[in-house]
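Here is the file final00.pdb (PDB, C-alpha atoms).
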```pdb
ATOM      1  CA  ALA W   1       1.280  89.304 -54.764
ATOM      2  CA  GLY W   2       1.672  87.540 -51.439
ATOM      3  CA  THR W   3       0.424  84.271 -52.931
ATOM      4  CA  ARG W   4       2.904  84.545 -55.821
ATOM      5  CA  THR W   5       5.746  85.236 -53.375
ATOM      6  CA  ALA W   6       4.836  82.232 -51.233
ATOM      7  CA  PHE W   7       4.511  80.014 -54.319
ATOM      8  CA  ALA W   8       7.907  81.192 -55.558
ATOM      9  CA  ARG W   9       9.449  80.054 -52.267
ATOM     10  CA  VAL W  10       7.823  76.645 -52.610
ATOM     11  CA  LEU W  11       9.295  76.359 -56.114
ATOM     12  CA  ALA W  12      12.727  77.350 -54.782
ATOM     13  CA  LEU W  13      12.522  74.549 -52.224
ATOM     14  CA  GLN W  14      11.491  72.041 -54.910
ATOM     15  CA  GLU W  15      14.583  72.947 -56.936
ATOM     16  CA  LEU W  16      16.677  71.439 -54.114
ATOM     17  CA  GLY W  17      15.125  67.989 -54.511
ATOM     18  CA  THR W  18      17.438  65.118 -55.413
ATOM     19  CA  LEU W  19      15.636  64.248 -58.652
ATOM     20  CA  ALA W  20      15.438  67.894 -59.722
ATOM     21  CA  ARG W  21      19.154  68.442 -59.148
ATOM     22  CA  ARG W  22      20.027  65.197 -60.926
ATOM     23  CA  ALA W  23      17.966  66.298 -63.941
ATOM     24  CA  GLY W  24      19.675  69.683 -63.980
ATOM     25  CA  ALA W  25      16.421  71.519 -63.255
ATOM     26  CA  LEU W  26      16.781  75.299 -63.324
ATOM     27  CA  ALA W  27      14.825  77.953 -61.450
ATOM     28  CA  VAL W  28      11.242  78.214 -62.691
ATOM     29  CA  ASP W  29       8.446  80.673 -62.089
ATOM     30  CA  VAL W  30       4.693  80.815 -62.618
ATOM     31  CA  ASP W  31       4.996  82.078 -66.184
ATOM     32  CA  THR W  32       7.415  79.283 -67.145
ATOM     33  CA  ILE W  33       5.125  76.622 -65.692
ATOM     34  CA  ARG W  34       2.140  78.009 -67.557
ATOM     35  CA  ALA W  35       4.027  78.182 -70.840
ATOM     36  CA  GLU W  36       5.694  74.753 -70.688
ATOM     37  CA  LEU W  37       3.390  72.517 -68.640
ATOM     38  CA  LEU W  38      -0.151  73.869 -68.736
ATOM     39  CA  ALA W  39      -2.518  73.770 -71.680
ATOM     40  CA  PRO W  40      -5.941  75.469 -71.422
ATOM     41  CA  GLY W  41      -8.094  73.550 -68.952
ATOM     42  CA  HIS W  42      -5.049  71.986 -67.275
ATOM     43  CA  GLY W  43      -4.294  72.921 -63.672
ATOM     44  CA  VAL W  44      -1.792  72.061 -60.965
ATOM     45  CA  LEU W  45      -2.400  71.409 -57.270
ATOM     46  CA  VAL W  46       0.687  71.813 -55.081
ATOM     47  CA  TYR W  47       0.441  70.498 -51.507
ATOM     48  CA  LEU W  48       2.663  71.564 -48.617
ATOM     49  CA  PRO W  49       1.660  69.755 -45.391
ATOM     50  CA  THR W  50       3.174  70.942 -42.100
ATOM     51  CA  SER W  51       2.529  70.183 -38.425
ATOM     52  CA  SER W  52       0.950  73.602 -37.779
ATOM     53  CA  HIS W  53      -0.945  74.511 -40.957
ATOM     54  CA  SER W  54      -0.909  72.825 -44.332
ATOM     55  CA  HIS W  55      -1.257  74.608 -47.646
ATOM     56  CA  VAL W  56      -2.424  74.010 -51.195
ATOM     57  CA  PHE W  57      -1.834  76.141 -54.291
ATOM     58  CA  ALA W  58      -4.051  75.839 -57.386
ATOM     59  CA  LEU W  59      -2.452  77.158 -60.567
ATOM     60  CA  ASP W  60      -3.790  77.344 -64.117
ATOM     61  CA  GLN W  61      -3.541  79.668 -67.111
ATOM     62  CA  ASP W  62      -5.924  82.166 -65.543
ATOM     63  CA  GLY W  63      -4.866  82.451 -61.926
ATOM     64  CA  LEU W  64      -3.137  81.261 -58.783
ATOM     65  CA  VAL W  65      -5.100  80.472 -55.636
ATOM     66  CA  HIS W  66      -3.827  79.603 -52.154
ATOM     67  CA  ALA W  67      -5.832  77.920 -49.405
ATOM     68  CA  GLN W  68      -4.803  77.027 -45.882
ATOM     69  CA  LEU W  69      -5.589  73.480 -44.822
ATOM     70  CA  ALA W  70      -5.646  71.666 -41.504
ATOM     71  CA  SER W  71      -2.352  70.556 -40.002
ATOM     72  CA  SER W  72      -0.779  67.279 -40.987
ATOM     73  CA  ARG W  73      -1.720  66.038 -37.501
ATOM     74  CA  THR W  74      -5.388  66.448 -38.494
ATOM     75  CA  LEU W  75      -5.049  65.194 -42.069
ATOM     76  CA  GLU W  76      -3.097  62.049 -41.236
ATOM     77  CA  PRO W  77      -5.818  60.321 -39.122
ATOM     78  CA  LEU W  78      -8.358  61.005 -41.894
ATOM     79  CA  ARG W  79      -6.033  59.538 -44.521
ATOM     80  CA  LEU W  80      -5.291  56.450 -42.423
ATOM     81  CA  ALA W  81      -8.962  55.895 -41.599
ATOM     82  CA  TYR W  82      -9.810  55.993 -45.295
ATOM     83  CA  LEU W  83      -7.019  53.643 -46.358
ATOM     84  CA  SER W  84      -7.739  51.256 -43.469
ATOM     85  CA  HIS W  85     -11.369  51.024 -44.538
ATOM     86  CA  LEU W  86     -10.379  50.313 -48.145
ATOM     87  CA  VAL W  87      -8.098  47.487 -47.050
ATOM     88  CA  ALA W  88     -10.376  46.007 -44.394
ATOM     89  CA  GLY W  89     -13.567  46.399 -46.427
ATOM     90  CA  HIS W  90     -12.280  44.880 -49.646
ATOM     91  CA  ALA W  91     -12.963  41.325 -48.500
ATOM     92  CA  GLY W  92     -16.625  42.113 -47.872
ATOM     93  CA  LEU W  93     -17.384  43.737 -51.233
ATOM     94  CA  SER W  94     -18.325  40.408 -52.778
ATOM     95  CA  ASP W  95     -20.999  39.939 -50.100
ATOM     96  CA  SER W  96     -24.182  41.532 -51.480
ATOM     97  CA  ALA W  97     -25.496  42.124 -47.953
ATOM     98  CA  GLN W  98     -22.366  43.944 -46.749
ATOM     99  CA  ARG W  99     -21.536  45.853 -49.913
ATOM    100  CA  PRO W 100     -23.965  48.829 -49.608
ATOM    101  CA  GLY W 101     -22.799  49.606 -46.084
ATOM    102  CA  LEU W 102     -19.135  49.304 -46.980
ATOM    103  CA  VAL W 103     -19.510  51.546 -50.022
ATOM    104  CA  ALA W 104     -21.499  54.125 -48.045
ATOM    105  CA  ARG W 105     -18.802  54.234 -45.356
ATOM    106  CA  GLU W 106     -16.075  54.527 -47.992
ATOM    107  CA  ARG W 107     -17.887  57.492 -49.561
ATOM    108  CA  GLU W 108     -18.340  59.103 -46.131
ATOM    109  CA  LEU W 109     -14.622  58.854 -45.345
ATOM    110  CA  ALA W 110     -13.688  59.988 -48.860
ATOM    111  CA  ARG W 111     -15.943  63.050 -48.529
ATOM    112  CA  ALA W 112     -14.397  64.026 -45.187
ATOM    113  CA  LEU W 113     -10.919  63.788 -46.671
ATOM    114  CA  ALA W 114     -11.885  65.666 -49.843
ATOM    115  CA  ASP W 115     -13.443  68.488 -47.831
ATOM    116  CA  GLU W 116     -10.090  68.984 -46.090
ATOM    117  CA  LEU W 117      -7.834  68.618 -49.150
ATOM    118  CA  LEU W 118     -10.008  70.386 -51.740
ATOM    119  CA  PRO W 119     -11.433  73.509 -50.069
ATOM    120  CA  VAL W 120     -14.093  75.669 -51.721
ATOM    121  CA  ALA W 121     -11.668  78.137 -53.346
ATOM    122  CA  VAL W 122      -9.704  75.286 -54.910
ATOM    123  CA  ARG W 123     -12.818  73.445 -56.136
ATOM    124  CA  ALA W 124     -14.039  76.672 -57.741
ATOM    125  CA  ARG W 125     -10.773  76.953 -59.675
ATOM    126  CA  MET W 126     -10.968  73.277 -60.683
ATOM    127  CA  ALA W 127     -14.495  73.626 -62.096
ATOM    128  CA  ALA W 128     -13.121  74.701 -65.484
ATOM    129  CA  TRP W 129     -10.361  72.071 -65.591
ATOM    130  CA  SER W 130     -10.299  68.922 -67.679
ATOM    131  CA  ALA W 131      -6.927  67.737 -66.308
ATOM    132  CA  VAL W 132      -4.982  68.146 -63.080
ATOM    133  CA  THR W 133      -1.371  67.495 -62.080
ATOM    134  CA  LEU W 134      -0.732  66.782 -58.397
ATOM    135  CA  VAL W 135       2.544  67.864 -56.782
ATOM    136  CA  GLY W 136       3.421  67.188 -53.144
ATOM    137  CA  SER W 137       0.721  64.591 -52.639
ATOM    138  CA  ASP W 138       3.461  62.039 -51.902
ATOM    139  CA  VAL W 139       4.353  64.094 -48.817
ATOM    140  CA  LEU W 140       0.795  63.613 -47.586
ATOM    141  CA  GLY W 141       1.315  59.859 -47.858
ATOM    142  CA  SER W 142      -0.223  57.126 -49.980
ATOM    143  CA  LEU W 143      -3.662  58.262 -51.085
ATOM    144  CA  PRO W 144      -5.820  57.411 -54.140
ATOM    145  CA  PHE W 145      -6.860  60.950 -55.112
ATOM    146  CA  GLU W 146      -8.734  59.458 -58.070
ATOM    147  CA  TRP W 147     -11.324  58.024 -55.678
ATOM    148  CA  LEU W 148     -12.023  61.238 -53.769
ATOM    149  CA  PRO W 149     -15.186  63.157 -54.679
ATOM    150  CA  LEU W 150     -14.939  66.525 -56.431
ATOM    151  CA  GLY W 151     -17.997  68.597 -55.621
ATOM    152  CA  GLU W 152     -21.005  66.707 -56.961
ATOM    153  CA  HIS W 153     -18.832  64.274 -58.900
ATOM    154  CA  PRO W 154     -18.392  61.026 -56.944
ATOM    155  CA  TYR W 155     -14.868  60.321 -58.248
ATOM    156  CA  LEU W 156     -12.255  62.928 -59.126
ATOM    157  CA  GLY W 157     -10.545  60.489 -61.484
ATOM    158  CA  ALA W 158     -13.720  60.106 -63.530
ATOM    159  CA  ARG W 159     -14.113  63.878 -63.794
ATOM    160  CA  LEU W 160     -10.498  64.902 -64.586
ATOM    161  CA  ALA W 161      -7.473  63.373 -66.277
ATOM    162  CA  LEU W 162      -4.966  63.126 -63.443
ATOM    163  CA  ASP W 163      -1.204  62.689 -63.153
ATOM    164  CA  TYR W 164       1.489  63.169 -60.537
ATOM    165  CA  LEU W 165       4.842  65.002 -60.542
ATOM    166  CA  PRO W 166       7.556  64.921 -57.835
ATOM    167  CA  SER W 167       8.095  68.673 -58.358
ATOM    168  CA  LEU W 168       7.350  71.416 -60.863
ATOM    169  CA  PRO W 169      11.011  72.255 -61.661
ATOM    170  CA  LEU W 170      11.507  68.581 -62.508
ATOM    171  CA  GLY W 171       8.400  68.614 -64.706
ATOM    172  CA  VAL W 172       9.736  71.591 -66.656
ATOM    173  CA  ALA W 173      13.131  69.879 -67.026
ATOM    174  CA  TRP W 174      11.441  66.735 -68.354
ATOM    175  CA  SER W 175       9.342  68.772 -70.796
ATOM    176  CA  ARG W 176      12.552  70.137 -72.305
ATOM    177  CA  ARG W 177      14.054  66.735 -73.087
ATOM    178  CA  PRO W 178      14.538  66.015 -76.789
ATOM    179  CA  GLN W 179      11.727  64.178 -78.534
ATOM    180  CA  ARG W 180      12.279  60.420 -78.664
ATOM    181  CA  ALA W 181      11.929  58.269 -81.749
ATOM    182  CA  PHE W 182      10.001  55.017 -81.276
ATOM    183  CA  ALA W 183      10.481  51.980 -83.494
ATOM    184  CA  CYS W 184       7.911  49.933 -81.550
ATOM    185  CA  ASP W 185       4.646  51.279 -80.180
ATOM    186  CA  TYR W 186       3.899  48.335 -77.887
ATOM    187  CA  LEU W 187       5.809  45.474 -76.307
ATOM    188  CA  LEU W 188       3.914  42.856 -74.300
ATOM    189  CA  VAL W 189       5.924  40.638 -71.944
ATOM    190  CA  GLY W 190       4.030  37.693 -70.474
ATOM    191  CA  GLY W 191       3.527  33.955 -70.328
ATOM    192  CA  ALA W 192       6.758  33.591 -68.348
ATOM    193  CA  GLU W 193       7.793  30.110 -67.225
ATOM    194  CA  PRO W 194       9.228  30.476 -63.686
ATOM    195  CA  ASP W 195      12.506  28.844 -62.758
ATOM    196  CA  ALA W 196      12.215  25.785 -60.501
ATOM    197  CA  ARG W 197      13.999  27.684 -57.710
ATOM    198  CA  VAL W 198      11.464  30.502 -57.935
ATOM    199  CA  GLN W 199       8.522  28.107 -57.996
ATOM    200  CA  GLU W 200       9.887  26.283 -54.949
ATOM    201  CA  ARG W 201      10.350  29.486 -52.957
ATOM    202  CA  TRP W 202       6.953  30.946 -53.930
ATOM    203  CA  PRO W 203       4.730  27.862 -54.407
ATOM    204  CA  GLU W 204       1.615  30.080 -54.401
ATOM    205  CA  LEU W 205       2.487  31.427 -57.862
ATOM    206  CA  ALA W 206      -0.299  30.189 -60.102
ATOM    207  CA  PRO W 207       0.240  29.698 -63.842
ATOM    208  CA  LEU W 208      -0.211  32.976 -65.721
ATOM    209  CA  PRO W 209      -0.475  31.928 -69.368
ATOM    210  CA  LEU W 210      -0.563  34.417 -72.216
ATOM    211  CA  THR W 211      -3.216  32.736 -74.350
ATOM    212  CA  ASP W 212      -3.836  33.590 -77.986
ATOM    213  CA  GLU W 213      -7.176  35.138 -77.019
ATOM    214  CA  LEU W 214      -5.644  37.336 -74.322
ATOM    215  CA  GLU W 215      -2.770  38.374 -76.574
ATOM    216  CA  GLN W 216      -5.265  39.378 -79.252
ATOM    217  CA  GLU W 217      -7.339  41.343 -76.739
ATOM    218  CA  LEU W 218      -4.319  43.315 -75.504
ATOM    219  CA  THR W 219      -2.735  43.988 -78.885
ATOM    220  CA  ALA W 220      -5.853  44.578 -80.999
ATOM    221  CA  PRO W 221      -6.126  48.327 -80.217
ATOM    222  CA  LEU W 222      -2.724  48.796 -81.883
ATOM    223  CA  ALA W 223      -3.527  46.937 -85.085
ATOM    224  CA  GLY W 224      -1.392  48.205 -87.939
ATOM    225  CA  ARG W 225       1.177  49.809 -85.642
ATOM    226  CA  PRO W 226       4.618  48.384 -84.746
ATOM    227  CA  ARG W 227       4.181  45.959 -81.833
ATOM    228  CA  ARG W 228       5.924  42.932 -80.383
ATOM    229  CA  VAL W 229       5.116  40.122 -77.966
ATOM    230  CA  ALA W 230       7.784  38.450 -75.833
ATOM    231  CA  SER W 231       6.195  35.370 -74.305
ATOM    232  CA  CYS W 232       7.274  32.037 -72.825
ATOM    233  CA  ALA W 233      10.937  31.437 -73.712
ATOM    234  CA  ALA W 234      11.339  35.046 -74.934
ATOM    235  CA  ALA W 235      10.080  36.638 -71.693
ATOM    236  CA  THR W 236      13.585  36.948 -70.221
ATOM    237  CA  ARG W 237      15.812  39.510 -68.545
ATOM    238  CA  ALA W 238      17.849  39.721 -71.753
ATOM    239  CA  THR W 239      14.792  40.988 -73.645
ATOM    240  CA  LEU W 240      14.369  43.811 -71.152
ATOM    241  CA  LEU W 241      18.069  44.656 -71.002
ATOM    242  CA  ALA W 242      18.416  44.944 -74.782
ATOM    243  CA  PRO W 243      19.457  48.394 -76.074
ATOM    244  CA  ASP W 244      16.372  48.645 -78.297
ATOM    245  CA  LEU W 245      14.062  48.823 -75.263
ATOM    246  CA  ALA W 246      14.535  52.608 -75.346
ATOM    247  CA  ALA W 247      12.750  52.640 -78.703
ATOM    248  CA  VAL W 248       9.568  51.120 -77.177
ATOM    249  CA  ARG W 249       6.702  53.523 -76.530
ATOM    250  CA  VAL W 250       4.612  51.300 -74.196
ATOM    251  CA  LEU W 251       5.870  48.237 -72.306
ATOM    252  CA  GLN W 252       3.246  46.069 -70.604
ATOM    253  CA  PHE W 253       3.979  43.226 -68.185
ATOM    254  CA  LEU W 254       1.627  40.316 -67.580
ATOM    255  CA  VAL W 255       3.773  38.485 -65.027
ATOM    256  CA  HIS W 256       3.907  37.767 -61.313
ATOM    257  CA  GLY W 257       5.709  39.948 -58.805
ATOM    258  CA  VAL W 258       7.486  38.655 -55.695
ATOM    259  CA  GLN W 259       9.304  40.108 -52.696
ATOM    260  CA  GLU W 260      12.790  39.048 -51.651
ATOM    261  CA  HIS W 261      12.745  40.294 -48.077
ATOM    262  CA  GLU W 262      16.467  39.726 -47.629
ATOM    263  CA  ARG W 263      17.183  42.446 -50.195
ATOM    264  CA  GLU W 264      16.975  46.188 -49.553
ATOM    265  CA  HIS W 265      15.064  46.606 -52.828
ATOM    266  CA  ALA W 266      12.793  43.614 -52.376
ATOM    267  CA  LEU W 267      10.458  43.692 -55.374
ATOM    268  CA  ALA W 268      11.137  41.572 -58.466
ATOM    269  CA  LEU W 269       9.227  40.455 -61.566
ATOM    270  CA  VAL W 270       9.103  36.753 -62.422
ATOM    271  CA  LEU W 271      10.398  36.065 -65.935
ATOM    272  CA  THR W 272      11.631  32.976 -67.789
ATOM    273  CA  PRO W 273      15.179  31.934 -66.796
ATOM    274  CA  ALA W 274      17.927  32.063 -69.416
ATOM    275  CA  ASN W 275      21.702  31.603 -69.431
ATOM    276  CA  GLY W 276      21.677  30.144 -65.931
ATOM    277  CA  ASP W 277      19.887  33.031 -64.175
ATOM    278  CA  ASP W 278      16.787  32.576 -61.999
ATOM    279  CA  GLY W 279      14.586  34.705 -64.237
ATOM    280  CA  LEU W 280      13.951  37.425 -61.635
ATOM    281  CA  PHE W 281      14.027  40.984 -62.959
ATOM    282  CA  ARG W 282      15.222  42.999 -59.969
ATOM    283  CA  TRP W 283      15.618  46.660 -59.083
ATOM    284  CA  SER W 284      19.221  46.646 -60.280
ATOM    285  CA  ASP W 285      18.047  45.321 -63.656
ATOM    286  CA  ALA W 286      15.427  48.054 -63.962
ATOM    287  CA  ALA W 287      18.042  50.683 -63.093
ATOM    288  CA  ALA W 288      20.317  49.344 -65.850
ATOM    289  CA  ALA W 289      17.601  49.045 -68.507
ATOM    290  CA  ARG W 290      17.054  51.530 -71.326
ATOM    291  CA  ALA W 291      13.716  52.790 -70.121
ATOM    292  CA  PRO W 292      10.741  52.799 -72.477
ATOM    293  CA  ALA W 293       8.426  55.820 -72.476
ATOM    294  CA  PHE W 294       5.604  54.208 -70.478
ATOM    295  CA  VAL W 295       5.333  51.024 -68.405
ATOM    296  CA  LEU W 296       2.188  49.132 -67.369
ATOM    297  CA  LEU W 297       2.515  46.636 -64.540
TER     298      LEU W 297
END
```

Any chance you could put this one into structure tokens?
Amino acid sequence: AGTRTAFARVLALQELGTLARRAGALAVDVDTIRAELLAPGHGVLVYLPTSSHSHVFALDQDGLVHAQLASSRTLEPLRLAYLSHLVAGHAGLSDSAQRPGLVARERELARALADELLPVAVRARMAAWSAVTLVGSDVLGSLPFEWLPLGEHPYLGARLALDYLPSLPLGVAWSRRPQRAFACDYLLVGGAEPDARVQERWPELAPLPLTDELEQELTAPLAGRPRRVASCAAATRATLLAPDLAAVRVLQFLVHGVQEHEREHALALVLTPANGDDGLFRWSDAAAARAPAFVLL
């Protein structure tokens, strides 16, 4: 009963989130989450890191478990050590002499982090899962949970299907949205021809052609289903701002990305210029687009 009460308070806090309020998320409880988000074998891990003691809740159709974790002051150095090793060690992975040592150290750091974030009671609950949704992991900071070990399994992401939610009330609100109709299962955007101004500013951008062979490789799994390819002159902002983009199930980009450091939202995708624009698809464009169901970058 105490665990359910504590979890209910966490849910009440999540209802105050900006995205949840914008989506009109209503109050939810354990029973609602189980009924609308969790199939058999699907569990949720909810993290709540604090400077004194951190917490994790594991919820599935059969139970709710709480475990107390180390403080965020203890977890943060472990997270940073792991990420720093991944970044620093990447360059040496191609060296056959260095690789075993780098991989062994990566596994050692991953195990230390997993032992803190996935305590015994939580791992026992996860043993019967085939999928897990993570909530609150963004508060911990950037961390590839997929690469952490889960018990005897070297990689959590190879053992369980994994996804992330900003909050559970938002997940329930999203699950209640009307079903969408899709006229196109797959849209591939690639083979862009950068504007001269873009090429001059970012001279390191190598050609990224969408060859016939590559196009066939990417589209072949959807043979017989509605699909489109927007390449070369068609890989423009106008293609992505068209109203029918909302009817696309999967949108995949095979283009370069750049950073415009003078802008608050610095990231942009490099497309083919049209109608006098520079061909950059910016944050403001993405915000104005009719979003497809799923995007691969």

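Among W:Glu152, W:Glu262, W:Glu116, W:Glu217, the residue with the shortest atom-to-atom distance to W:Thr74, counting all atoms listed in the file, is W:Glu116.
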
Written as a list of chain:residue names, what is the full residue list that the PyMOL selection byres ((chain W and resi 134) around 7) yields on the file shown?
W:Val44, W:Leu45, W:Val46, W:Val132, W:Thr133, W:Val135, W:Gly136, W:Ser137, W:Asp163, W:Tyr164, W:Leu165

I'd like to see the residues matched by the PyMOL selection byres ((chain W and resi 260) around 12) on this file, and ideally I'd get them as a PyMOL selection string.
chain W and resi 198+201-202+257-259+261-270+280-283

Evaluate the PyMOL selection byres ((chain W and resi 102) around 12) on the structure here and hand back the selected residues as a PyMOL selection string.
chain W and resi 82+85-101+103-109

Interatomic distance, atom CA of W:Phe145 to atom CA of W:Leu59 (Å, one decimal):
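If I compute the distance from atom CA of W:Phe145 to atom CA of W:Leu59, I get 17.7 Å.
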
Compare W:Ala173, W:Leu251, W:Leu83, W:Ala242 by their minimum atom-to-atom distance to W:Leu19, counting only C-alpha atoms, and give me the closest one.
W:Ala173

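Closest approach to W:Ala293 among W:Ala6, W:Ala58, W:Ala246, W:Ala161: W:Ala246, based on only C-alpha atoms.
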
With all atoms listed in the file as the basis for distance, which of W:Pro144, W:Arg197, W:Arg249, W:Ala121 is at the shortest distance from W:Arg180?
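Of the candidates, the smallest distance to W:Arg180 is held by W:Arg249.
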
Have a look at atom CA of W:Val255 and atom CA of W:Leu271 and let me know their distance in Å, one decimal.
7.1 Å

Given the point (-5.2, 79.1, -66.2) in the coordinates of this file, which residues lie within 9 Å, counting all atoms listed in the file, and how would they look as number ranges by chain?
W: 34, 38-43, 59-64, 125, 129

For atom CA of W:Asn275 and atom CA of W:Ser231, the interatomic separation in Å (one decimal):
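Rounded to one decimal, the two atoms are 16.7 Å apart.
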
Kindly extract all protein, DNA and RNA residues lying within 12 Å of the coordinates (19.0, 50.6, -69.6) given in the file, considering all atoms listed in the file, and supply them as a PyMOL selection string.
chain W and resi 237-247+283-292

Proximity to W:Trp174 - best of W:Val295, W:Arg22, W:Val139, W:Arg159, only C-alpha atoms
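Looking at the shortest contact to W:Trp174, the residue is W:Arg22.
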
With all atoms listed in the file as the counted atoms, please give the residues lying no more than 9 Å from W:Gly190, apart from itself and same-chain residues fewer than 5 positions off, as an MDAnalysis selection string.
chainID W and resid 208:210 229:232 234:235 252:255 271

Skipping near chain neighbours, those fewer than 5 positions away, what residues fall within 10 Å of W:His53 using only C-alpha atoms, listed as a PyMOL selection string?
chain W and resi 48+68-74
